[in-house]
Amino acid sequence: MKFTLNWLKQHLETAAPLDQILISLTALGLEVDGVEDRAKIFAPFFVAHVVSAEKHPDADRLKCLVVDTGAEKLKVVCGAPNARAGMKGIFAPAGSHIPGTGIDLKKGVIRGQESNGMMVSEREMGLSDAHEGIIEIADDVPVGTPFAQIYRLDDPVIEIGLTPDRGDCAGIRGIARDLAATGIGTLKPLDDTAVKGTFKNPVGVNLNTEHCPHFVGRMIKGVKNGPSPQWLQDRLKAIGQKPISVLVDITNYMTFDLCRPLHVLDADKMKGNLNVRTAKKGESFEALNDKTYTLDDGMVVVCDDSGILGLGGVMGGTSTGVSETTTNVYIEAAYFDPLRTARTGRALQISSDARYRFERGIDPQFTAPGMELATKLIIELCGGEPSDVVIAGKAPERNLTIEHAPAYVRQLGGIEIDEAAQEKILTALGFTVRKTGKTWSVSTPSWRSDIEGRPDLVEEIIRVNGYDKIPAVSVPKLSAVTRSAETPILSKSRQARTVLASRGLDESVTWSFMDKGLAEKFGAGDKQNVAALTIANPISSELNFMRPSILPNLIEAAGRNADKGYPDTALCEVGPVFESPKITGYHVCAAGIRSGLYLGRHWSGKESSRVVDAFDAKADALAVLAACGGPTQVQITRDAPSWYHPGRSGVMRLGANVLARFGEIHPAILQDMKIAFPVVGFEVFLDAIPLPKKKAETARPLLTLSPFQPISRDFAFIVDAGLEVDNILRAARGADKNLIDTVSVFDVYQGKGVEAGKKSVAIAVTLQPKDKTLTDPEIEDISKKIIDSVAAKTGGTLRA
């Protein structure tokens with residue numbers, strides 16, 4: 001946002017110097033991005049008088065001038081054809097930097113003649129491309145007058161960076177209001193009294209969309225549209241705007257001055273009444289930027305009987321554009337929905353000053369006053385007769401009433417500000433304060449759509465009072481030993497990233513959004529949740545839903561890798577997933593996928609070159625659980641969700657608590673995603689992992705190893721073919737929890753020697769005695785317990 005110092009002073013009565021204003025702007029949160037003080041740039045250049053101009057003795061096209069600078073008379077060699085005795089021009093002394101050419105001027109000798117500086121042309125001063133002669137100044141201008149003063153370049157240009165929530169400061173008056181609240185000056189009043197119409201407005205307005213709740217129109221007859229007055233051109237040029245014609249320049253001026261975008265139409269080119277509606281898909285529109293756009297459903301358009309005249313809040317059309325021949329003009333002032341305006345501009349890739357302000361939220365109550373101010377300006381600069389005003393709809397009401405107590409500033413901001421100062425700040429910013437005991441009722445002004453609650457009021461008070469006035473207070477040391485700043489979930493996230501990286505997975509950072517259709521395949525939830533998690537204003541049509549799972553993003557990344565010749569992929573990500581809009585519907589998940597070969601092709605053998613499977617994903621999930629301090633002895637069930645392969649997946653549980661899911665991704669899902677290779681994946685829910693029990697001591701317990709030799713025994717059981725092997729392992733492990741150290745499967749067989757519908761499962765059981773060496777009878781007794789336990793819990797029999 002750019003503006004000049006004198007333009008700011010049109011709204012702010014202040015004697016503060018530029019440096020103080022710049023400091024105050026940054027302190028208010030309106031950070032100064034740059035200042036162009038052109039008076040300083042052009043300070044060396046001033047008006048000088050040419051006393052004499054003689055022909056150079058050794059050059060036909062050069063002249064030897066004697067220039068009176070007011071302080072002394074200097075010799076200057078000049079090649080301009082219009083250089084002559086008696087004229088006045090702009091003098092550049094030796095040592096000055098010529099802005100138009102980038103030359104640093106030095107005292108020198110040209111063809112044997114001394115030259116102390118130069119008389120400059122418009123091109124050398126950066127005014128234009130004209131360089132046929134030097135600049136000529138009127139005779140009544142005194143010698144020594146600064147160049148910047150003559151060309152009105154002595155007004156510093158200030159540029160500030162606006163945050164998206166401060167749409168009110170997209171107009172210079174909003175900036176002046178903030179500065180006035182600091183006490184640096186006084187906000188000047190606006191004269192927005194109504195202009196009486198001299199005839200009835202012949203153009204009616206019909207509103208047929210909720211996205212334009214308020215529309216104000218007026219016709220002015222007999223205007224003269226030509227170049228703008230110099231002061232208006234100078235202000236627009238200073239902020240980078242190109243003057244076009246006085247009518248167009250007035251609308252641009254109102255946009256930057258008061259944050260009130262307007263549109264002017266040639267009334268003689270209009271047909272019938274105006275109709276504000278939403279566009280139909282396929283309608284076309286030729287905009288003022290000389291481009292034709294094909295519109296979509298829902299875009300707001302302003303039409304007459306001839307068709308579309310403009311895109312509401314974005315840009316006008318060529319069909320009713322004003323020109324030098326315009327004598328009757330129609331002024332449009334309307335309020336357009338910020339969200340719909342932003343969506344239309346983004347879809348059509350149109351950037352305009354009007355869109356910039358509408359999508360940030362202009363003052364809905366300023367539509368009618370803005371019309372009156374624009375009318376006065378047009379009549380002043382263009383003449384003409386105004387009609388009465390046609391008003392359609394009603395300005396939206398957005399005046400929140402917030403309960404505020406002065407004590408909140410101390411509680412939330414850590415600074416004591418007395419009540420009178422708080423009230424003065426809020427009132428200066430446009431808030432209405434009504435005191436009812438210790439609690440105040442504060443009504444927000446219509447132009448501050450960013451204020452939503454008590455913390456916002458506290459922020460406004462502290463911001464205007466000055467962040468630099470908040471006392472520096474050291475954080476108290478609550479204990480002798482520094483405590484970790486990490487929360488448990490952050491610790492788990494870090495540990496999960498570390499262990500997954502150590503297992504060869506590359507960490508990815510993908511969007512927290514995805515396509516809605518894809519999200520529904522990965523557990524987006526019921527209709528209510530789908531509606532709540534759909535993004536109203538997505539950055540892309542393919543990123544319109546909060547992700548219920550990280551896996552789809554990783555799978556798509558693997559597909560892109562494969563397309564580029566990298567088929568063996570191992571990716572992971574730790575981040576949020578969204579189950580519902582409730583606070584309990586947010587989870588932190590560590591997810592990963594693998595595809596292709598586990599370790600790539602290798603000479604050492606088949607094991608290193610094998611294709612990844614569900615057990616690799618299971619191992620990754622168990623590694624994350626172990627790294628995060630979770631249990632590794634978990635119950636594994638086969639009720640994985642629908643995006644996993646039903647026979648090659650599982651869920652890790654602690655009772656009803658789901659810790660993780662793993663397995664091969666369902667082939668139908670991969671086909672829908674156009675992935676032509678198998679993918680395995682896992683999801684570990686870090687916030688579901690129980691915290692380890694608090695120990696009496698923080699020191700790690702002493703490692704105790706048994707001095708006795710472990711004993712391994714193998715068992716083969718005949719069980720039903722559909723029995724889950726995990727049932728056998730848990731049954732064997734439960735036979736004697738003190739002596740049995742580990743139980744693992746080493747063979748599963750179906751075929752000759754095993755009856756149909758049955759399978760043979762061989763397990764290895766390791767016994768670890770702790771206080772003595774086991775005798776053969778004791779080993780046989782434990783073996784019998786294992787056989788009996790498996791038989792009782794699974795119906796299995798020992799294979800002969």
# chains A, B, ... in the order shown; residues from 1 in each chain; ligands from 1
$ residues_around --residues "stretch 156-162 of chain A" --least-positions-apart "4" --cutoff "8 Å" --atoms "only C-alpha atoms" --output "short mmCIF file (atom, residue, chain, number, x, y, z; two decimals) with N, CA, C and O atoms, in the first residue's frame"
data_model
loop_
_atom_site.label_atom_id
_atom_site.label_comp_id
_atom_site.auth_asym_id
_atom_site.auth_seq_id
_atom_site.Cartn_x
_atom_site.Cartn_y
_atom_site.Cartn_z
N MET A 1 0.85 -1.18 0.00
CA MET A 1 0.00 0.00 0.00
C MET A 1 0.89 1.25 0.00
O MET A 1 1.71 1.42 0.90
N LYS A 2 0.76 2.10 -1.03
CA LYS A 2 1.57 3.30 -1.16
C LYS A 2 0.72 4.55 -0.97
O LYS A 2 -0.44 4.59 -1.35
N PHE A 3 1.36 5.59 -0.43
CA PHE A 3 0.71 6.89 -0.30
C PHE A 3 1.80 7.93 -0.07
O PHE A 3 2.95 7.59 0.28
N THR A 4 1.48 9.18 -0.30
CA THR A 4 2.45 10.26 -0.06
C THR A 4 2.16 10.93 1.27
O THR A 4 1.06 10.83 1.82
N LEU A 5 3.16 11.63 1.76
CA LEU A 5 3.01 12.30 3.05
C LEU A 5 1.93 13.37 3.00
O LEU A 5 1.10 13.47 3.91
N LEU A 30 1.63 -1.49 11.06
CA LEU A 30 1.59 -1.14 9.63
C LEU A 30 3.04 -0.96 9.19
O LEU A 30 3.53 0.16 9.01
N GLU A 31 3.72 -2.07 9.02
CA GLU A 31 5.17 -2.05 8.83
C GLU A 31 5.57 -1.30 7.57
O GLU A 31 5.05 -1.54 6.49
N VAL A 32 6.51 -0.39 7.73
CA VAL A 32 6.99 0.41 6.61
C VAL A 32 7.96 -0.43 5.78
O VAL A 32 9.01 -0.86 6.28
N ASP A 33 7.60 -0.68 4.52
CA ASP A 33 8.45 -1.45 3.63
C ASP A 33 9.47 -0.59 2.91
O ASP A 33 10.52 -1.08 2.47
N GLY A 34 9.17 0.69 2.76
CA GLY A 34 10.11 1.57 2.07
C GLY A 34 9.61 3.00 2.03
O GLY A 34 8.42 3.26 2.16
N VAL A 35 10.56 3.92 1.88
CA VAL A 35 10.25 5.34 1.76
C VAL A 35 11.06 5.89 0.60
O VAL A 35 12.28 5.68 0.54
N GLU A 36 10.39 6.54 -0.31
CA GLU A 36 11.08 7.17 -1.44
C GLU A 36 10.95 8.68 -1.25
O GLU A 36 9.93 9.29 -1.58
N ASP A 37 12.01 9.28 -0.70
CA ASP A 37 12.02 10.73 -0.48
C ASP A 37 12.68 11.36 -1.69
O ASP A 37 13.90 11.53 -1.75
N ARG A 38 11.87 11.70 -2.68
CA ARG A 38 12.40 12.20 -3.95
C ARG A 38 13.05 13.57 -3.78
O ARG A 38 13.92 13.95 -4.57
N ALA A 39 12.66 14.31 -2.76
CA ALA A 39 13.31 15.60 -2.52
C ALA A 39 14.79 15.42 -2.21
O ALA A 39 15.63 16.22 -2.62
N ARG A 166 -6.26 -6.42 7.86
CA ARG A 166 -6.39 -4.97 8.00
C ARG A 166 -6.86 -4.34 6.69
O ARG A 166 -6.22 -3.44 6.12
N GLY A 167 -8.02 -4.77 6.21
CA GLY A 167 -8.59 -4.20 5.00
C GLY A 167 -8.94 -2.74 5.17
O GLY A 167 -8.97 -1.98 4.19
N CYS A 169 -7.17 -0.48 6.38
CA CYS A 169 -6.00 0.34 6.08
C CYS A 169 -5.56 0.23 4.62
O CYS A 169 -4.47 0.68 4.27
N ALA A 170 -6.41 -0.37 3.79
CA ALA A 170 -6.17 -0.34 2.34
C ALA A 170 -6.64 0.99 1.77
O ALA A 170 -6.61 1.19 0.55
N ALA A 238 2.46 9.16 -8.18
CA ALA A 238 3.36 8.92 -7.05
C ALA A 238 3.22 7.50 -6.51
O ALA A 238 4.19 6.91 -6.03
N ILE A 239 2.00 6.92 -6.59
CA ILE A 239 1.80 5.57 -6.05
C ILE A 239 1.79 4.51 -7.15
O ILE A 239 1.38 3.37 -6.93
#
$ select_by_dssp --residues "stretch 419-545 of chain A" --states "alpha helix (DSSP H)" --output "NGL selection string"
:A and (419-428 or 454-465 or 488-502 or 516-521 or 527-533)
$ write_last_selection --atoms "N, CA and C atoms" --output "CSV table (one decimal), in the first residue's frame"
chain,number,residue,atom,x,y,z
A,419,GLU,N,-7.7,3.1,32.9
A,419,GLU,CA,-9.0,3.0,32.2
A,419,GLU,C,-9.2,4.1,31.2
A,420,ALA,N,-8.8,5.4,31.6
A,420,ALA,CA,-9.0,6.5,30.8
A,420,ALA,C,-8.3,6.4,29.4
A,421,ALA,N,-7.0,5.9,29.5
A,421,ALA,CA,-6.2,5.7,28.3
A,421,ALA,C,-6.8,4.6,27.4
A,422,GLN,N,-7.3,3.5,28.0
A,422,GLN,CA,-8.0,2.5,27.2
A,422,GLN,C,-9.2,3.0,26.5
A,423,GLU,N,-10.0,3.8,27.2
A,423,GLU,CA,-11.2,4.3,26.6
A,423,GLU,C,-10.9,5.3,25.5
A,424,LYS,N,-9.9,6.1,25.7
A,424,LYS,CA,-9.4,7.1,24.7
A,424,LYS,C,-9.0,6.3,23.4
A,425,ILE,N,-8.2,5.3,23.6
A,425,ILE,CA,-7.7,4.5,22.4
A,425,ILE,C,-8.8,3.9,21.6
A,426,LEU,N,-9.7,3.2,22.3
A,426,LEU,CA,-10.9,2.6,21.7
A,426,LEU,C,-11.7,3.6,20.9
A,427,THR,N,-12.0,4.7,21.6
A,427,THR,CA,-12.9,5.7,21.0
A,427,THR,C,-12.2,6.3,19.7
A,428,ALA,N,-10.9,6.5,19.8
A,428,ALA,CA,-10.2,7.1,18.7
A,428,ALA,C,-10.1,6.1,17.5
A,454,ARG,N,-12.7,-10.5,22.9
A,454,ARG,CA,-12.0,-9.7,23.9
A,454,ARG,C,-10.5,-9.6,23.6
A,455,PRO,N,-9.8,-10.8,23.2
A,455,PRO,CA,-8.4,-10.7,22.9
A,455,PRO,C,-8.1,-9.6,21.8
A,456,ASP,N,-9.0,-9.5,20.9
A,456,ASP,CA,-8.8,-8.5,19.8
A,456,ASP,C,-8.8,-7.1,20.4
A,457,LEU,N,-9.7,-6.8,21.3
A,457,LEU,CA,-9.7,-5.5,21.9
A,457,LEU,C,-8.5,-5.2,22.7
A,458,VAL,N,-8.0,-6.2,23.5
A,458,VAL,CA,-6.8,-6.1,24.2
A,458,VAL,C,-5.6,-5.8,23.3
A,459,GLU,N,-5.6,-6.5,22.2
A,459,GLU,CA,-4.5,-6.3,21.2
A,459,GLU,C,-4.5,-4.9,20.6
A,460,GLU,N,-5.7,-4.3,20.3
A,460,GLU,CA,-5.8,-3.0,19.8
A,460,GLU,C,-5.3,-2.0,20.8
A,461,ILE,N,-5.7,-2.1,22.1
A,461,ILE,CA,-5.2,-1.2,23.1
A,461,ILE,C,-3.7,-1.2,23.3
A,462,ILE,N,-3.1,-2.4,23.3
A,462,ILE,CA,-1.7,-2.6,23.5
A,462,ILE,C,-1.0,-2.1,22.2
A,463,ARG,N,-1.5,-2.4,21.1
A,463,ARG,CA,-0.9,-2.0,19.8
A,463,ARG,C,-0.8,-0.4,19.7
A,464,VAL,N,-1.8,0.3,20.0
A,464,VAL,CA,-1.8,1.7,19.9
A,464,VAL,C,-1.0,2.3,21.1
A,465,ASN,N,-1.1,1.7,22.3
A,465,ASN,CA,-0.3,2.2,23.4
A,465,ASN,C,1.2,2.1,23.1
A,488,PRO,N,4.4,-33.9,25.4
A,488,PRO,CA,4.6,-35.4,25.1
A,488,PRO,C,4.3,-35.7,23.6
A,489,ILE,N,3.4,-35.0,23.0
A,489,ILE,CA,3.1,-35.3,21.6
A,489,ILE,C,4.2,-34.8,20.7
A,490,LEU,N,4.9,-33.7,21.0
A,490,LEU,CA,6.0,-33.2,20.2
A,490,LEU,C,7.2,-34.2,20.4
A,491,SER,N,7.4,-34.7,21.6
A,491,SER,CA,8.4,-35.7,21.8
A,491,SER,C,8.2,-36.9,21.0
A,492,LYS,N,7.0,-37.4,21.0
A,492,LYS,CA,6.6,-38.6,20.2
A,492,LYS,C,6.8,-38.3,18.7
A,493,SER,N,6.5,-37.2,18.3
A,493,SER,CA,6.7,-36.8,16.9
A,493,SER,C,8.1,-36.9,16.5
A,494,ARG,N,9.0,-36.3,17.3
A,494,ARG,CA,10.4,-36.3,17.0
A,494,ARG,C,11.0,-37.7,17.1
A,495,GLN,N,10.6,-38.5,18.0
A,495,GLN,CA,11.0,-39.8,18.1
A,495,GLN,C,10.6,-40.7,16.9
A,496,ALA,N,9.3,-40.4,16.5
A,496,ALA,CA,8.8,-41.2,15.3
A,496,ALA,C,9.6,-40.8,14.1
A,497,ARG,N,9.9,-39.5,13.9
A,497,ARG,CA,10.7,-39.1,12.7
A,497,ARG,C,12.1,-39.8,12.7
A,498,THR,N,12.7,-39.8,13.9
A,498,THR,CA,14.0,-40.3,14.0
A,498,THR,C,14.1,-41.8,13.7
A,499,VAL,N,13.2,-42.6,14.2
A,499,VAL,CA,13.2,-44.0,14.0
A,499,VAL,C,12.8,-44.4,12.6
A,500,LEU,N,11.9,-43.6,12.0
A,500,LEU,CA,11.5,-43.9,10.6
A,500,LEU,C,12.7,-43.6,9.6
A,501,ALA,N,13.4,-42.5,9.9
A,501,ALA,CA,14.5,-42.2,9.1
A,501,ALA,C,15.6,-43.2,9.2
A,502,SER,N,15.8,-43.7,10.5
A,502,SER,CA,16.8,-44.8,10.7
A,502,SER,C,16.5,-46.1,9.9
A,516,LYS,N,-11.6,-34.1,-2.3
A,516,LYS,CA,-12.7,-34.6,-1.5
A,516,LYS,C,-13.1,-36.0,-1.9
A,517,GLY,N,-13.1,-36.3,-3.2
A,517,GLY,CA,-13.4,-37.6,-3.6
A,517,GLY,C,-12.4,-38.7,-3.1
A,518,LEU,N,-11.1,-38.3,-3.1
A,518,LEU,CA,-10.1,-39.2,-2.6
A,518,LEU,C,-10.2,-39.4,-1.1
A,519,ALA,N,-10.6,-38.3,-0.4
A,519,ALA,CA,-10.7,-38.3,1.1
A,519,ALA,C,-11.8,-39.3,1.5
A,520,GLU,N,-12.9,-39.3,0.7
A,520,GLU,CA,-14.0,-40.2,1.0
A,520,GLU,C,-13.6,-41.7,0.9
A,521,LYS,N,-12.6,-42.0,0.1
A,521,LYS,CA,-12.1,-43.4,0.0
A,521,LYS,C,-11.3,-43.8,1.2
A,527,LYS,N,-21.8,-37.7,6.4
A,527,LYS,CA,-22.1,-36.5,5.6
A,527,LYS,C,-21.9,-35.2,6.4
A,528,GLN,N,-22.2,-35.2,7.7
A,528,GLN,CA,-22.0,-34.0,8.5
A,528,GLN,C,-20.5,-33.7,8.6
A,529,ASN,N,-19.7,-34.7,8.8
A,529,ASN,CA,-18.2,-34.4,8.9
A,529,ASN,C,-17.7,-34.0,7.6
A,530,VAL,N,-18.2,-34.6,6.5
A,530,VAL,CA,-17.7,-34.2,5.2
A,530,VAL,C,-18.0,-32.8,4.9
A,531,ALA,N,-19.2,-32.3,5.3
A,531,ALA,CA,-19.5,-30.9,5.0
A,531,ALA,C,-18.7,-30.0,5.9
A,532,ALA,N,-18.4,-30.4,7.1
A,532,ALA,CA,-17.6,-29.5,8.0
A,532,ALA,C,-16.2,-29.5,7.7
A,533,LEU,N,-15.6,-30.5,7.1
A,533,LEU,CA,-14.2,-30.6,6.7
A,533,LEU,C,-13.9,-30.2,5.3
$ closest_residue --among "A:Gly100, A:Pro769, A:Pro243, A:Pro692" --to "A:Pro229" --atoms "only C-alpha atoms"
A:Pro243
$ select_by_dssp --residues "stretch 281-458 of chain A" --states "strand (DSSP E)" --output "PyMOL selection string"
chain A and resi 284-286+292-294+300-304+307-311+315-316+329-335+385-386+390-393+401-404+432-436+439-443
$ residues_around --residues "stretch 198-204 of chain A" --least-positions-apart "5" --cutoff "8 Å" --atoms "only C-alpha atoms" --output "list in words"
Arg218, Met219, Gly272, Asn273, Leu274, Glu385, Pro386, Ser387, Asp388, Val389 and Val390 of chain A
$ write_last_selection --atoms "all heavy atoms" --output "PDB file, in the first residue's frame"
ATOM      1  N   ARG A 218     -26.210   6.297  -9.240  1.00  0.00           N
ATOM      2  CA  ARG A 218     -26.588   7.683  -9.526  1.00  0.00           C
ATOM      3  C   ARG A 218     -26.097   8.048 -10.925  1.00  0.00           C
ATOM      4  O   ARG A 218     -24.995   7.649 -11.325  1.00  0.00           O
ATOM      5  CB  ARG A 218     -25.986   8.626  -8.493  1.00  0.00           C
ATOM      6  CG  ARG A 218     -25.993  10.093  -8.909  1.00  0.00           C
ATOM      7  CD  ARG A 218     -25.493  10.989  -7.803  1.00  0.00           C
ATOM      8  NE  ARG A 218     -26.577  11.484  -6.966  1.00  0.00           N
ATOM      9  CZ  ARG A 218     -26.443  11.965  -5.749  1.00  0.00           C
ATOM     10  NH1 ARG A 218     -25.256  11.978  -5.179  1.00  0.00           N
ATOM     11  NH2 ARG A 218     -27.492  12.411  -5.071  1.00  0.00           N
ATOM     12  N   MET A 219     -26.885   8.827 -11.623  1.00  0.00           N
ATOM     13  CA  MET A 219     -26.493   9.331 -12.939  1.00  0.00           C
ATOM     14  C   MET A 219     -26.142  10.810 -12.816  1.00  0.00           C
ATOM     15  O   MET A 219     -26.777  11.559 -12.068  1.00  0.00           O
ATOM     16  CB  MET A 219     -27.617   9.145 -13.954  1.00  0.00           C
ATOM     17  CG  MET A 219     -27.247   9.603 -15.354  1.00  0.00           C
ATOM     18  SD  MET A 219     -28.585   9.415 -16.543  1.00  0.00           S
ATOM     19  CE  MET A 219     -28.653   7.626 -16.687  1.00  0.00           C
ATOM     20  N   GLY A 272     -31.624  -0.062 -20.526  1.00  0.00           N
ATOM     21  CA  GLY A 272     -32.555  -0.545 -19.512  1.00  0.00           C
ATOM     22  C   GLY A 272     -31.995  -0.447 -18.116  1.00  0.00           C
ATOM     23  O   GLY A 272     -31.022   0.260 -17.833  1.00  0.00           O
ATOM     24  N   ASN A 273     -32.619  -1.192 -17.209  1.00  0.00           N
ATOM     25  CA  ASN A 273     -32.229  -1.190 -15.802  1.00  0.00           C
ATOM     26  C   ASN A 273     -31.053  -2.124 -15.554  1.00  0.00           C
ATOM     27  O   ASN A 273     -30.717  -2.981 -16.385  1.00  0.00           O
ATOM     28  CB  ASN A 273     -33.416  -1.606 -14.938  1.00  0.00           C
ATOM     29  CG  ASN A 273     -34.528  -0.580 -14.988  1.00  0.00           C
ATOM     30  OD1 ASN A 273     -34.275   0.618 -15.134  1.00  0.00           O
ATOM     31  ND2 ASN A 273     -35.772  -1.045 -14.881  1.00  0.00           N
ATOM     32  N   LEU A 274     -30.450  -1.972 -14.377  1.00  0.00           N
ATOM     33  CA  LEU A 274     -29.348  -2.847 -13.977  1.00  0.00           C
ATOM     34  C   LEU A 274     -29.889  -4.051 -13.213  1.00  0.00           C
ATOM     35  O   LEU A 274     -30.841  -3.939 -12.437  1.00  0.00           O
ATOM     36  CB  LEU A 274     -28.355  -2.088 -13.105  1.00  0.00           C
ATOM     37  CG  LEU A 274     -27.533  -0.992 -13.799  1.00  0.00           C
ATOM     38  CD1 LEU A 274     -26.590  -0.342 -12.800  1.00  0.00           C
ATOM     39  CD2 LEU A 274     -26.747  -1.563 -14.973  1.00  0.00           C
ATOM     40  N   GLU A 385     -24.974  17.642 -13.841  1.00  0.00           N
ATOM     41  CA  GLU A 385     -26.151  17.659 -12.964  1.00  0.00           C
ATOM     42  C   GLU A 385     -26.382  16.265 -12.399  1.00  0.00           C
ATOM     43  O   GLU A 385     -26.504  15.300 -13.153  1.00  0.00           O
ATOM     44  CB  GLU A 385     -27.398  18.052 -13.761  1.00  0.00           C
ATOM     45  CG  GLU A 385     -27.615  19.527 -13.944  1.00  0.00           C
ATOM     46  CD  GLU A 385     -28.942  19.757 -14.649  1.00  0.00           C
ATOM     47  OE1 GLU A 385     -30.005  19.575 -14.011  1.00  0.00           O
ATOM     48  OE2 GLU A 385     -28.897  20.076 -15.850  1.00  0.00           O
ATOM     49  N   PRO A 386     -26.471  16.114 -11.070  1.00  0.00           N
ATOM     50  CA  PRO A 386     -26.686  14.780 -10.491  1.00  0.00           C
ATOM     51  C   PRO A 386     -28.166  14.430 -10.398  1.00  0.00           C
ATOM     52  O   PRO A 386     -29.015  15.301 -10.178  1.00  0.00           O
ATOM     53  CB  PRO A 386     -26.076  14.906  -9.097  1.00  0.00           C
ATOM     54  CG  PRO A 386     -26.311  16.336  -8.740  1.00  0.00           C
ATOM     55  CD  PRO A 386     -26.212  17.125 -10.028  1.00  0.00           C
ATOM     56  N   SER A 387     -28.463  13.162 -10.565  1.00  0.00           N
ATOM     57  CA  SER A 387     -29.818  12.664 -10.323  1.00  0.00           C
ATOM     58  C   SER A 387     -29.961  12.342  -8.851  1.00  0.00           C
ATOM     59  O   SER A 387     -29.011  12.465  -8.070  1.00  0.00           O
ATOM     60  CB  SER A 387     -30.068  11.410 -11.152  1.00  0.00           C
ATOM     61  OG  SER A 387     -29.349  10.307 -10.606  1.00  0.00           O
ATOM     62  N   ASP A 388     -31.162  11.922  -8.467  1.00  0.00           N
ATOM     63  CA  ASP A 388     -31.293  11.391  -7.119  1.00  0.00           C
ATOM     64  C   ASP A 388     -30.639  10.006  -7.075  1.00  0.00           C
ATOM     65  O   ASP A 388     -30.267   9.440  -8.091  1.00  0.00           O
ATOM     66  CB  ASP A 388     -32.753  11.340  -6.681  1.00  0.00           C
ATOM     67  CG  ASP A 388     -33.622  10.527  -7.627  1.00  0.00           C
ATOM     68  OD1 ASP A 388     -33.057   9.862  -8.519  1.00  0.00           O
ATOM     69  OD2 ASP A 388     -34.861  10.556  -7.486  1.00  0.00           O
ATOM     70  N   VAL A 389     -30.490   9.469  -5.883  1.00  0.00           N
ATOM     71  CA  VAL A 389     -29.783   8.196  -5.686  1.00  0.00           C
ATOM     72  C   VAL A 389     -30.778   7.050  -5.658  1.00  0.00           C
ATOM     73  O   VAL A 389     -31.818   7.130  -4.998  1.00  0.00           O
ATOM     74  CB  VAL A 389     -28.971   8.230  -4.375  1.00  0.00           C
ATOM     75  CG1 VAL A 389     -28.360   6.869  -4.090  1.00  0.00           C
ATOM     76  CG2 VAL A 389     -27.880   9.293  -4.454  1.00  0.00           C
ATOM     77  N   VAL A 390     -30.448   5.972  -6.395  1.00  0.00           N
ATOM     78  CA  VAL A 390     -31.234   4.743  -6.326  1.00  0.00           C
ATOM     79  C   VAL A 390     -30.507   3.771  -5.398  1.00  0.00           C
ATOM     80  O   VAL A 390     -29.313   3.492  -5.598  1.00  0.00           O
ATOM     81  CB  VAL A 390     -31.413   4.118  -7.725  1.00  0.00           C
ATOM     82  CG1 VAL A 390     -31.982   2.706  -7.610  1.00  0.00           C
ATOM     83  CG2 VAL A 390     -32.331   4.977  -8.569  1.00  0.00           C
TER      84      VAL A 390
END
$ residues_around --residues "A:Val577" --least-positions-apart "3" --cutoff "10 Å" --atoms "only C-alpha atoms" --output "list in words"
Ser512, Phe513, Met546, Arg547, Pro548, Ser549, Ile550, Val574, Ser580, Gly585, Tyr586, His587, Val588, Cys589, Ala590 and Phe685 of chain A
$ closest_residue --among "A:Lys618, A:Lys752, A:His97, A:Arg343" --to "A:Ile539" --atoms "only C-alpha atoms"
A:Arg343
$ atom_distance --atom1 "atom CA of A:Pro57" --atom2 "atom CA of A:Lys73"
20.3 Å
$ residues_around --residues "A:Pro445" --least-positions-apart "2" --cutoff "6 Å" --atoms "only C-alpha atoms" --output "list in words"
Gly430, Phe431, Trp447 and Arg448 of chain A
$ write_last_selection --atoms "C-alpha atoms" --output "mmCIF file, in the first residue's frame"
data_model
loop_
_atom_site.group_PDB
_atom_site.id
_atom_site.type_symbol
_atom_site.label_atom_id
_atom_site.label_comp_id
_atom_site.auth_asym_id
_atom_site.auth_seq_id
_atom_site.Cartn_x
_atom_site.Cartn_y
_atom_site.Cartn_z
ATOM 1 C CA GLY A 430 -13.967 4.197 16.151
ATOM 2 C CA PHE A 431 -15.262 1.861 18.871
ATOM 3 C CA TRP A 447 -14.914 -1.051 9.060
ATOM 4 C CA ARG A 448 -13.208 -3.430 11.539
#
